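Notes to accompany the following structure.
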Amino acid sequence: MRFVHPELLWLLLLVPLIALLRGKTGPAPAILFSNTSIVCLIAQGKKMGPGKLLTSLKLLGITCLIVALARPQLGNTITEVEASGIDILLAVDVSGSMEAMDFTLKGQPVNRLEVVKSVVKQFIDDRPNDRIGLLAFGGRPYLISPLTLDHDWLNKRLDSLKIGMVEDGTAIGSAIASSVRRLSSDQDAVSKILILLTDGINNTGKIPPLAAAEAAQSLQIKVYTVGAGTKGKAPTPVTDRFGRKRLVNARVDIDEKTLSTISDLTGAQYFRATDTSSLKRIYQEINRMETTTRTIKQFEHYRELFPLFIVLFLIVTMITLVRRSKHFP
């Protein structure tokens with residue numbers, strides 16, 4: 001429901017003001033009785049308030065007239081958004097090394113995965129017209145969400161990511177191969193993109209990363225790679241044999257050469273994120289590089305309601321006139 005002239009609704013503030021002023025006008029009523037028995041008879045009778053009723057009807061009529069002047073309309077708007085034709089699959093490393101706390105979020109040190117989830121969520125929100133999917137990988141790839149335009153559901157699946165949800169390890173080649181299979185299943189997409197984030201080196205899986213990259217190249221799938229982690233050492237939580245957790249400085253090993261070769265081979269680019277701000281800039285840069293246009297069709301249908309309020313105003317006015325002529329001939 002909407003109003004064509006919503007500014008006129010401010011006039012409704014006059015209704016309680018009129019009611020207040022009418023309640024205060026006029027002298028206090030007083031009637032002289034020659035005998036108190038008459039008063040007793042009146043007190044026993046049914047109380048009537050024609051004056052109050054007429055005032056209420058007048059105020060109701062004024063309210064209906066103001067609402068009618070504001071032109072209320074009831075209807076709906078249908079918006080159709082055409083997909084951009086760009087399919088994006090986000091592959092995120094969830095291996096144990098992602099527990100390293102060399103990134104910050106809102107000024108507090110947090111593990112890498114929590115920051116990645118925050119940045120990826122913003123990336124998803126910035127691309128409402130793209131089909132986007134999500135894949136987690138450690139020792140093997142695990143599809144979290146297929147390609148979808150339902151980004152609310154996708155963000156919920158993103159929130160479910162956690163370290164260790166699959167067996168430990170870093171199977172970069174298998175993650176690329178699985179992503180390529182998912183992206184190649186749709187022949188209608190004009191552009192297919194894989195954004196793979198990892199903080200380690202390929203140490204498991206049956207498919208070598210470069211072999212998977214060649215498959216992506218043959219299918220014209222761009223593979224953007226992101227290496228996450230500070231250079232040198234990073235504070236990483238470990239659990240000793242007594243079950244106590246403590247931070248140790250663990251060496252950060254990222255196979256930047258292989259990741260760079262993968263991206264170059266597929267016509268994309270490799271990035272290195274050493275902190276939260278650089279990770280945000282990387283996804284913003286990819287967002288700019290892979291621009292998209294959208295087509296929006298909007299249909300509106302509204303039904304005028306002001307005649308209904310005009311009829312109510314006329315009915316209330318007629319009732320007021322009838323009541324006035326009956327009590328004040």
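Each chain in the structure tokens gets a letter, A, B and so on, in the order shown; residues start at 1 in every chain, and ligands are counted from 1 in the order they appear.
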Polymer residues at most 12 Å from region 234-249 of chain A, only C-alpha atoms, same-chain spacing of 5 or more positions, as number ranges by chain
A: 96-103, 109-112, 199, 228-229, 274-275
Restricting the output to C-alpha atoms, write the selected residues as a short mmCIF file (atom, residue, chain, number, x, y, z; two decimals), in the first residue's frame.
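Once everything was written out, this is part.cif:
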```cif
data_model
loop_
_atom_site.label_atom_id
_atom_site.label_comp_id
_atom_site.auth_asym_id
_atom_site.auth_seq_id
_atom_site.Cartn_x
_atom_site.Cartn_y
_atom_site.Cartn_z
CA GLY A 96 44.06 -26.77 9.89
CA SER A 97 46.58 -24.08 8.92
CA MET A 98 43.67 -21.65 8.43
CA GLU A 99 43.56 -21.44 12.23
CA ALA A 100 46.60 -19.14 12.16
CA MET A 101 45.69 -15.83 13.82
CA ASP A 102 47.64 -13.36 11.69
CA PHE A 103 44.55 -11.44 10.53
CA PRO A 109 43.00 -11.02 16.13
CA VAL A 110 41.03 -13.86 14.54
CA ASN A 111 41.87 -16.88 12.43
CA ARG A 112 42.17 -16.60 8.68
CA ASP A 199 47.27 -20.65 2.72
CA ALA A 228 46.46 -15.94 2.38
CA GLY A 229 48.93 -15.46 5.22
CA THR A 274 49.11 -10.66 4.08
CA ASP A 275 46.44 -8.95 6.22
#
```
Excluding same-chain residues fewer than 5 positions from Gly173 (chain A), what lies within 10 Å of it counting only C-alpha atoms, as a list in words?
Arg140, Pro141, Ser178, Ser179, Asn202, Asn203, Thr204, Gly205, Lys206, Ile207, Pro208, Pro209, Leu210, Ala211, Ala212 and Ala213 of chain A
If DSSP is run on the backbone, what residues of region 92-239 of chain A are helix (DSSP H, G or I)? A reply as a ChimeraX atom specification would be ideal.
/A:96-99,112-125,151-159,172-184,209-218
Since we have the selection now, will you write its residues out, keeping C-alpha atoms, as a PDB file, in the first residue's frame?
```
ATOM      1  CA  GLY A  96      44.063 -26.773   9.894  1.00  0.00           C
ATOM      2  CA  SER A  97      46.576 -24.078   8.918  1.00  0.00           C
ATOM      3  CA  MET A  98      43.675 -21.648   8.427  1.00  0.00           C
ATOM      4  CA  GLU A  99      43.556 -21.441  12.231  1.00  0.00           C
ATOM      5  CA  ARG A 112      42.168 -16.601   8.678  1.00  0.00           C
ATOM      6  CA  LEU A 113      38.913 -18.379   7.894  1.00  0.00           C
ATOM      7  CA  GLU A 114      36.760 -15.918   9.859  1.00  0.00           C
ATOM      8  CA  VAL A 115      38.238 -12.994   7.922  1.00  0.00           C
ATOM      9  CA  VAL A 116      37.846 -14.834   4.615  1.00  0.00           C
ATOM     10  CA  LYS A 117      34.158 -15.494   5.359  1.00  0.00           C
ATOM     11  CA  SER A 118      33.602 -11.805   6.119  1.00  0.00           C
ATOM     12  CA  VAL A 119      35.327 -10.632   2.910  1.00  0.00           C
ATOM     13  CA  VAL A 120      33.687 -13.265   0.706  1.00  0.00           C
ATOM     14  CA  LYS A 121      30.255 -12.318   2.055  1.00  0.00           C
ATOM     15  CA  GLN A 122      30.800  -8.726   0.919  1.00  0.00           C
ATOM     16  CA  PHE A 123      31.944  -9.979  -2.484  1.00  0.00           C
ATOM     17  CA  ILE A 124      28.724 -11.998  -2.813  1.00  0.00           C
ATOM     18  CA  ASP A 125      26.601  -8.984  -1.814  1.00  0.00           C
ATOM     19  CA  HIS A 151      22.485 -15.293  -2.284  1.00  0.00           C
ATOM     20  CA  ASP A 152      20.680 -15.241   1.063  1.00  0.00           C
ATOM     21  CA  TRP A 153      20.851 -19.009   1.169  1.00  0.00           C
ATOM     22  CA  LEU A 154      24.437 -18.899  -0.131  1.00  0.00           C
ATOM     23  CA  ASN A 155      25.484 -16.606   2.727  1.00  0.00           C
ATOM     24  CA  LYS A 156      23.937 -19.006   5.226  1.00  0.00           C
ATOM     25  CA  ARG A 157      25.981 -21.827   3.741  1.00  0.00           C
ATOM     26  CA  LEU A 158      29.056 -19.593   3.906  1.00  0.00           C
ATOM     27  CA  ASP A 159      28.468 -19.110   7.631  1.00  0.00           C
ATOM     28  CA  ILE A 172      44.614 -27.660  -4.528  1.00  0.00           C
ATOM     29  CA  GLY A 173      44.597 -29.739  -7.722  1.00  0.00           C
ATOM     30  CA  SER A 174      41.520 -31.713  -6.670  1.00  0.00           C
ATOM     31  CA  ALA A 175      39.734 -28.494  -5.649  1.00  0.00           C
ATOM     32  CA  ILE A 176      40.377 -26.937  -9.075  1.00  0.00           C
ATOM     33  CA  ALA A 177      39.298 -30.106 -10.900  1.00  0.00           C
ATOM     34  CA  SER A 178      36.066 -30.369  -8.892  1.00  0.00           C
ATOM     35  CA  SER A 179      35.327 -26.670  -9.463  1.00  0.00           C
ATOM     36  CA  VAL A 180      35.955 -27.025 -13.211  1.00  0.00           C
ATOM     37  CA  ARG A 181      33.443 -29.893 -13.383  1.00  0.00           C
ATOM     38  CA  ARG A 182      30.818 -27.758 -11.627  1.00  0.00           C
ATOM     39  CA  LEU A 183      31.403 -24.724 -13.831  1.00  0.00           C
ATOM     40  CA  SER A 184      31.520 -26.655 -17.097  1.00  0.00           C
ATOM     41  CA  PRO A 209      47.366 -28.461  -9.718  1.00  0.00           C
ATOM     42  CA  LEU A 210      48.845 -27.652 -13.146  1.00  0.00           C
ATOM     43  CA  ALA A 211      46.989 -30.536 -14.795  1.00  0.00           C
ATOM     44  CA  ALA A 212      43.734 -29.214 -13.324  1.00  0.00           C
ATOM     45  CA  ALA A 213      44.658 -25.708 -14.531  1.00  0.00           C
ATOM     46  CA  GLU A 214      45.145 -27.029 -18.082  1.00  0.00           C
ATOM     47  CA  ALA A 215      41.657 -28.503 -17.953  1.00  0.00           C
ATOM     48  CA  ALA A 216      40.312 -25.115 -16.850  1.00  0.00           C
ATOM     49  CA  GLN A 217      42.179 -23.429 -19.688  1.00  0.00           C
ATOM     50  CA  SER A 218      40.707 -25.802 -22.278  1.00  0.00           C
TER      51      SER A 218
END
```
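Reported to one decimal place, the separation of CA of Met289 (chain A) from CA of Glu256 (chain A) is 21.1 Å.
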I want to know what sits within 6 Å of region 185-196 of chain A, based on only C-alpha atoms, with residues of the same chain fewer than 5 positions away left out; could you give that as a list of chain:residue names?
A:Gly85, A:Ile86, A:Asp87, A:Ile88, A:Leu89, A:Leu90, A:Ala91, A:Ile221, A:Lys222, A:Val223, A:Tyr224, A:Thr225
So, counting only C-alpha atoms, which residue among A:Leu149, A:Leu8, A:Val94, A:Ile144 is closest to Gly164 (chain A)?
A:Val94
